[in-house]
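Take a look at the structure below.
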Amino acid sequence: MSYKIPMGPYHPALEEPYKLDLICEGETVTDAKLHIGFNFRGIEHLAETRNYVQVIALMERVCGICSNIHTLTLCQAMEGLTGLTPPPRAKYIRVVIAELERLHSHVLWAGIAAKLMGFKTMFMTCFELREKVMDVLQAISGNRVNYSMNRVGGVNRDIDDPLAVLGMVEALEREMVRTVIPIFTTSSTARSRCAGIGILTHQKALSCAVVGPTARASGIPQDLRRAAPYAAYSEMEFDVPVEQAGDVKARLLVRALEIMESCKILRQALTKMPPGELYAGDGKFDFTNLVATTSTSRVEAPRGEVMYSVSWKQNSRNPSRVHVRTPTFANMPAIRWMVMGARLADTPLIQASIDPCYSCTDR
Amino acid sequence: MKLLETEPKETLLEILSEKLGTTDSWEEKGGVHWLSPDPLNVRELAAAMNECKARFITITAYQLPNEEGFRLEYHWDLDGKLLGFPFQLAGNSIESIYDLCEAVDWIEREIHEGFNIDFLGRDYEPLLLRQGDTPGVNLREEVK
């Protein structure tokens, strides 16, 4: 006899509200239905009521983890409207902040995954590591969540002493190699909870058009930093980790290896950062002289591709449309295929393995 | 079959034009490679994209001023190139491509709720709006 178990919208395994209706036969999940919309704030509509300064602050609040990525993508799209090109130093600073954000997002996720595995010691270790990254972000921007670094044509703040950040990068790298990666890959707790669980096959990953680490863990080598470089990524050397298994362990490994690649990118960006201006032009968004009325930008956020389509009328202070496609919006439907055939007890970890952000998804 | 894996990026677009049966040229604007052959059928477009192994990204809906209807912009990624295909809707319906492209499910449902646009040939369940709410109240200027 099959029965339905609702998980959520408010559940200890979920960091934000959403609902998963699990259809089970005994302890095995045979199907699942996802319900979102519990965080719907109408941000795209709100954006149409905000001017060119306010809209940047508004979109920074789409997500509490990758807030910088949203302003970066929006500002790049708005630069497409005005024809502004950020100066080289601003592009490097954008790379540094984006990679710091990726680091803290991935380490946060590793901590949460450890907690869901029942591995509390690793949870504490990861959160201690994440704190180091947060300290650096706070030192650079003065903020721990919404950094307000991006503006149209460049960045708001300089990194006065880029080499001082290297100490944190090295400490994080050391701890990842010494503790986190070996424990996640060799401990029997991690292996038994992650290996062969929540598989998203390569074919299903392609048909669901998943993005980011979820795609790369299913053998799809896509990364916009490589395929369509933005900011200063074309000047950085890094690898795109790809795993073939498509299970929770593969998603964990991809993120762990991406932490190492982020450290590699940070080291290059911090040591090669050119001197110069922080923003182009007079730092204003000239809505009276737009070179285009629609513009689109994409970046590789910690969870995958973010895309902004911005439409702006000449002489208008407000955008006429801002459309946001977040990575979790693309990845979440695949959860259904990941949990089918899984044990009920594994579903919290499986759904968490895509590193979902429901606030981003609902907007 | 990785049909286009070895082709240079410019050739990919030419091959795609050929598959769509058009000689119109691509226009790069606002970060997107646009192609708007007339007439273009959205289902033929989706089938051609599947053949090329392009990755579906999203659909962006715009309500046009003066009751001119809607514009839907379909976006795919082809080897790092962002492709865009605009469709002007005189009414408020267009054929669904859900049966051809699984990834389109949520965005079709979202646009249905946000703009009250009907994607013909599919069923809907509520996505962002909870059960009982009226579609077309979020982003449309007025509900008719």
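Going by the structure tokens order, chains are called A, B, ..., each with residues numbered from 1, while ligands are numbered from 1 in the order shown.
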| field | Distance-based interface of chain A with chain B, 7 Å, counting only C-alpha atoms, as a PyMOL selection string | value | chain A and resi 35-37+40+45+80+207-209+224+227-228+292+294-297+323+325+362
| message | Need the shell around Asp286 (chain A): protein/DNA/RNA residues with any atom at most 12 Å away, counting only C-alpha atoms. Skip same-chain ones fewer than 6 positions apart. Format as a list of chain:residue names? | response |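 Contacts, in chain order: A:Asn51, A:Tyr52, A:Val53, A:Met78, A:Glu79, A:Leu81, A:Thr82, A:Gly83, A:Leu84, A:Val152, A:Gly153, A:Ala292, A:Trp312, A:Lys313, A:Gln314, A:Asn315, A:Ser316, A:Arg317, A:Asn318.
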Could you save the residues just selected, with all heavy atoms, as a short mmCIF file (atom, residue, chain, number, x, y, z; two decimals), in the first residue's frame?
data_model
loop_
_atom_site.label_atom_id
_atom_site.label_comp_id
_atom_site.auth_asym_id
_atom_site.auth_seq_id
_atom_site.Cartn_x
_atom_site.Cartn_y
_atom_site.Cartn_z
N ASN A 51 14.14 52.83 -8.42
CA ASN A 51 15.00 53.53 -9.38
C ASN A 51 16.34 52.81 -9.54
O ASN A 51 16.58 51.77 -8.91
CB ASN A 51 15.17 55.01 -9.00
CG ASN A 51 15.99 55.21 -7.75
OD1 ASN A 51 16.87 54.41 -7.44
ND2 ASN A 51 15.72 56.27 -7.01
N TYR A 52 17.20 53.39 -10.37
CA TYR A 52 18.44 52.70 -10.76
C TYR A 52 19.41 52.48 -9.60
O TYR A 52 20.31 51.66 -9.70
CB TYR A 52 19.13 53.46 -11.89
CG TYR A 52 19.41 54.91 -11.57
CD1 TYR A 52 20.62 55.30 -11.02
CD2 TYR A 52 18.45 55.89 -11.79
CE1 TYR A 52 20.85 56.64 -10.71
CE2 TYR A 52 18.67 57.21 -11.47
CZ TYR A 52 19.87 57.58 -10.93
OH TYR A 52 20.10 58.89 -10.62
N VAL A 53 19.26 53.21 -8.52
CA VAL A 53 20.09 52.96 -7.33
C VAL A 53 19.40 51.93 -6.43
O VAL A 53 20.00 50.95 -6.00
CB VAL A 53 20.33 54.27 -6.54
CG1 VAL A 53 21.15 53.98 -5.28
CG2 VAL A 53 21.04 55.29 -7.40
N MET A 78 22.97 46.03 -16.54
CA MET A 78 22.77 47.48 -16.64
C MET A 78 23.95 48.14 -17.38
O MET A 78 23.77 49.13 -18.08
CB MET A 78 22.59 48.10 -15.25
CG MET A 78 21.23 47.76 -14.63
SD MET A 78 21.07 48.21 -12.90
CE MET A 78 20.92 49.99 -12.98
N GLU A 79 25.14 47.57 -17.24
CA GLU A 79 26.29 48.07 -18.01
C GLU A 79 26.06 47.83 -19.50
O GLU A 79 26.48 48.64 -20.33
CB GLU A 79 27.58 47.39 -17.54
CG GLU A 79 28.08 47.95 -16.22
CD GLU A 79 28.93 46.97 -15.40
OE1 GLU A 79 29.35 45.94 -15.95
OE2 GLU A 79 29.14 47.25 -14.20
N LEU A 81 23.25 48.09 -20.89
CA LEU A 81 22.29 49.12 -21.33
C LEU A 81 22.99 50.45 -21.60
O LEU A 81 22.57 51.23 -22.45
CB LEU A 81 21.21 49.33 -20.25
CG LEU A 81 20.29 48.17 -19.91
CD1 LEU A 81 19.45 48.49 -18.69
CD2 LEU A 81 19.39 47.83 -21.08
N THR A 82 24.04 50.71 -20.81
CA THR A 82 24.69 52.02 -20.92
C THR A 82 25.98 51.98 -21.73
O THR A 82 26.53 53.04 -22.06
CB THR A 82 25.05 52.55 -19.51
OG1 THR A 82 25.78 51.54 -18.84
CG2 THR A 82 23.83 52.91 -18.71
N GLY A 83 26.47 50.79 -22.01
CA GLY A 83 27.72 50.66 -22.75
C GLY A 83 28.95 50.89 -21.88
O GLY A 83 30.06 51.05 -22.41
N LEU A 84 28.79 50.88 -20.57
CA LEU A 84 29.93 51.08 -19.68
C LEU A 84 30.73 49.78 -19.55
O LEU A 84 30.16 48.70 -19.49
CB LEU A 84 29.46 51.48 -18.29
CG LEU A 84 29.03 52.92 -18.06
CD1 LEU A 84 28.45 53.07 -16.65
CD2 LEU A 84 30.20 53.87 -18.25
N VAL A 152 26.90 50.14 -10.98
CA VAL A 152 26.95 50.13 -12.45
C VAL A 152 28.28 50.74 -12.89
O VAL A 152 28.62 51.84 -12.48
CB VAL A 152 25.77 50.91 -13.05
CG1 VAL A 152 25.85 50.92 -14.57
CG2 VAL A 152 24.45 50.30 -12.60
N GLY A 153 29.06 49.97 -13.64
CA GLY A 153 30.35 50.46 -14.13
C GLY A 153 31.52 50.07 -13.26
O GLY A 153 32.66 50.42 -13.57
N ALA A 292 21.09 50.54 -25.37
CA ALA A 292 20.16 49.44 -25.64
C ALA A 292 19.02 49.53 -24.65
O ALA A 292 19.17 50.13 -23.58
CB ALA A 292 20.87 48.10 -25.50
N TRP A 312 14.67 48.47 -20.04
CA TRP A 312 14.66 49.84 -19.49
C TRP A 312 14.23 50.80 -20.60
O TRP A 312 14.76 50.74 -21.70
CB TRP A 312 16.07 50.22 -19.03
CG TRP A 312 16.08 51.12 -17.83
CD1 TRP A 312 15.66 52.41 -17.78
CD2 TRP A 312 16.56 50.79 -16.53
NE1 TRP A 312 15.84 52.92 -16.52
CE2 TRP A 312 16.38 51.94 -15.73
CE3 TRP A 312 17.11 49.65 -15.94
CZ2 TRP A 312 16.75 51.98 -14.38
CZ3 TRP A 312 17.47 49.69 -14.62
CH2 TRP A 312 17.29 50.84 -13.84
N LYS A 313 13.27 51.66 -20.30
CA LYS A 313 12.85 52.65 -21.30
C LYS A 313 13.77 53.87 -21.19
O LYS A 313 14.20 54.24 -20.09
CB LYS A 313 11.41 53.09 -21.03
CG LYS A 313 10.39 52.02 -21.37
CD LYS A 313 8.99 52.55 -21.16
CE LYS A 313 7.99 51.42 -21.32
NZ LYS A 313 7.00 51.36 -20.26
N GLN A 314 14.02 54.52 -22.36
CA GLN A 314 14.81 55.76 -22.35
C GLN A 314 14.14 56.77 -21.43
O GLN A 314 12.91 56.88 -21.39
CB GLN A 314 14.88 56.36 -23.77
CG GLN A 314 15.74 55.58 -24.74
CD GLN A 314 17.24 55.79 -24.57
OE1 GLN A 314 17.68 56.54 -23.70
NE2 GLN A 314 18.02 55.11 -25.41
N ASN A 315 14.94 57.51 -20.69
CA ASN A 315 14.49 58.59 -19.80
C ASN A 315 13.66 58.12 -18.61
O ASN A 315 12.98 58.92 -17.97
CB ASN A 315 13.68 59.64 -20.58
CG ASN A 315 14.52 60.24 -21.68
OD1 ASN A 315 15.69 60.57 -21.46
ND2 ASN A 315 13.96 60.35 -22.87
N SER A 316 13.68 56.83 -18.34
CA SER A 316 12.95 56.33 -17.17
C SER A 316 13.94 56.05 -16.05
O SER A 316 15.01 55.50 -16.28
CB SER A 316 12.19 55.06 -17.53
OG SER A 316 11.67 54.46 -16.37
N ARG A 317 13.56 56.43 -14.84
CA ARG A 317 14.44 56.16 -13.69
C ARG A 317 14.34 54.71 -13.24
O ARG A 317 15.23 54.19 -12.60
CB ARG A 317 14.04 57.06 -12.51
CG ARG A 317 14.45 58.50 -12.68
CD ARG A 317 13.91 59.37 -11.57
NE ARG A 317 14.29 60.74 -11.82
CZ ARG A 317 15.44 61.27 -11.42
NH1 ARG A 317 16.31 60.55 -10.76
NH2 ARG A 317 15.72 62.53 -11.69
N ASN A 318 13.21 54.08 -13.56
CA ASN A 318 12.96 52.71 -13.10
C ASN A 318 13.07 51.72 -14.26
O ASN A 318 12.74 52.07 -15.39
CB ASN A 318 11.55 52.56 -12.52
CG ASN A 318 11.31 53.48 -11.34
OD1 ASN A 318 12.20 54.23 -10.94
ND2 ASN A 318 10.12 53.42 -10.81
#
| field | Close residues, Tyr124 (chain B) itself excluded, 9 Å, only C-alpha atoms, min 6 positions apart in chain, as a ChimeraX atom specification | value | /B:108-109,112
Would you output that residue set with N, CA and C atoms, as a PDB file, in the first residue's frame?
ATOM      1  N   GLU B 108       6.998  27.840 -17.568  1.00  0.00           N
ATOM      2  CA  GLU B 108       5.674  27.993 -18.194  1.00  0.00           C
ATOM      3  C   GLU B 108       4.605  28.199 -17.128  1.00  0.00           C
ATOM      4  N   ARG B 109       4.717  27.450 -16.051  1.00  0.00           N
ATOM      5  CA  ARG B 109       3.728  27.602 -14.969  1.00  0.00           C
ATOM      6  C   ARG B 109       3.845  28.982 -14.323  1.00  0.00           C
ATOM      7  N   HIS B 112       2.381  31.558 -16.643  1.00  0.00           N
ATOM      8  CA  HIS B 112       0.914  31.411 -16.623  1.00  0.00           C
ATOM      9  C   HIS B 112       0.338  32.143 -15.407  1.00  0.00           C
TER      10      HIS B 112
END
| request: Using DSSP on the backbone, list every residue of region 35-236 of chain A that comes out as alpha helix (DSSP H), and give them as a ChimeraX atom specification. | output: /A:43-47,54-59,67-82,88-117,120-141,162-175,181-186,188-194,202-208,212-216,224-227
| message | What's the separation between CA of Val248 (chain A) and CA of Ile112 (chain A), in Å to one decimal place? | response | 13.1 Å
| said: One decimal, in Å: what's the spacing between CA of Arg157 (chain A) and CA of Arg89 (chain A)? | reply: 10.8 Å
| In Å to one decimal, how far is CA of His202 (chain A) from CA of Glu95 (chain B)? | 28.2 Å
| task | Could you give me, as a PyMOL selection string, each residue of region 4-118 of chain B that DSSP assigns to strand (DSSP E or B) when run on this structure's backbone? | result | chain B and resi 27-29+32-34+55-63+70-78+81-89+93-95+118
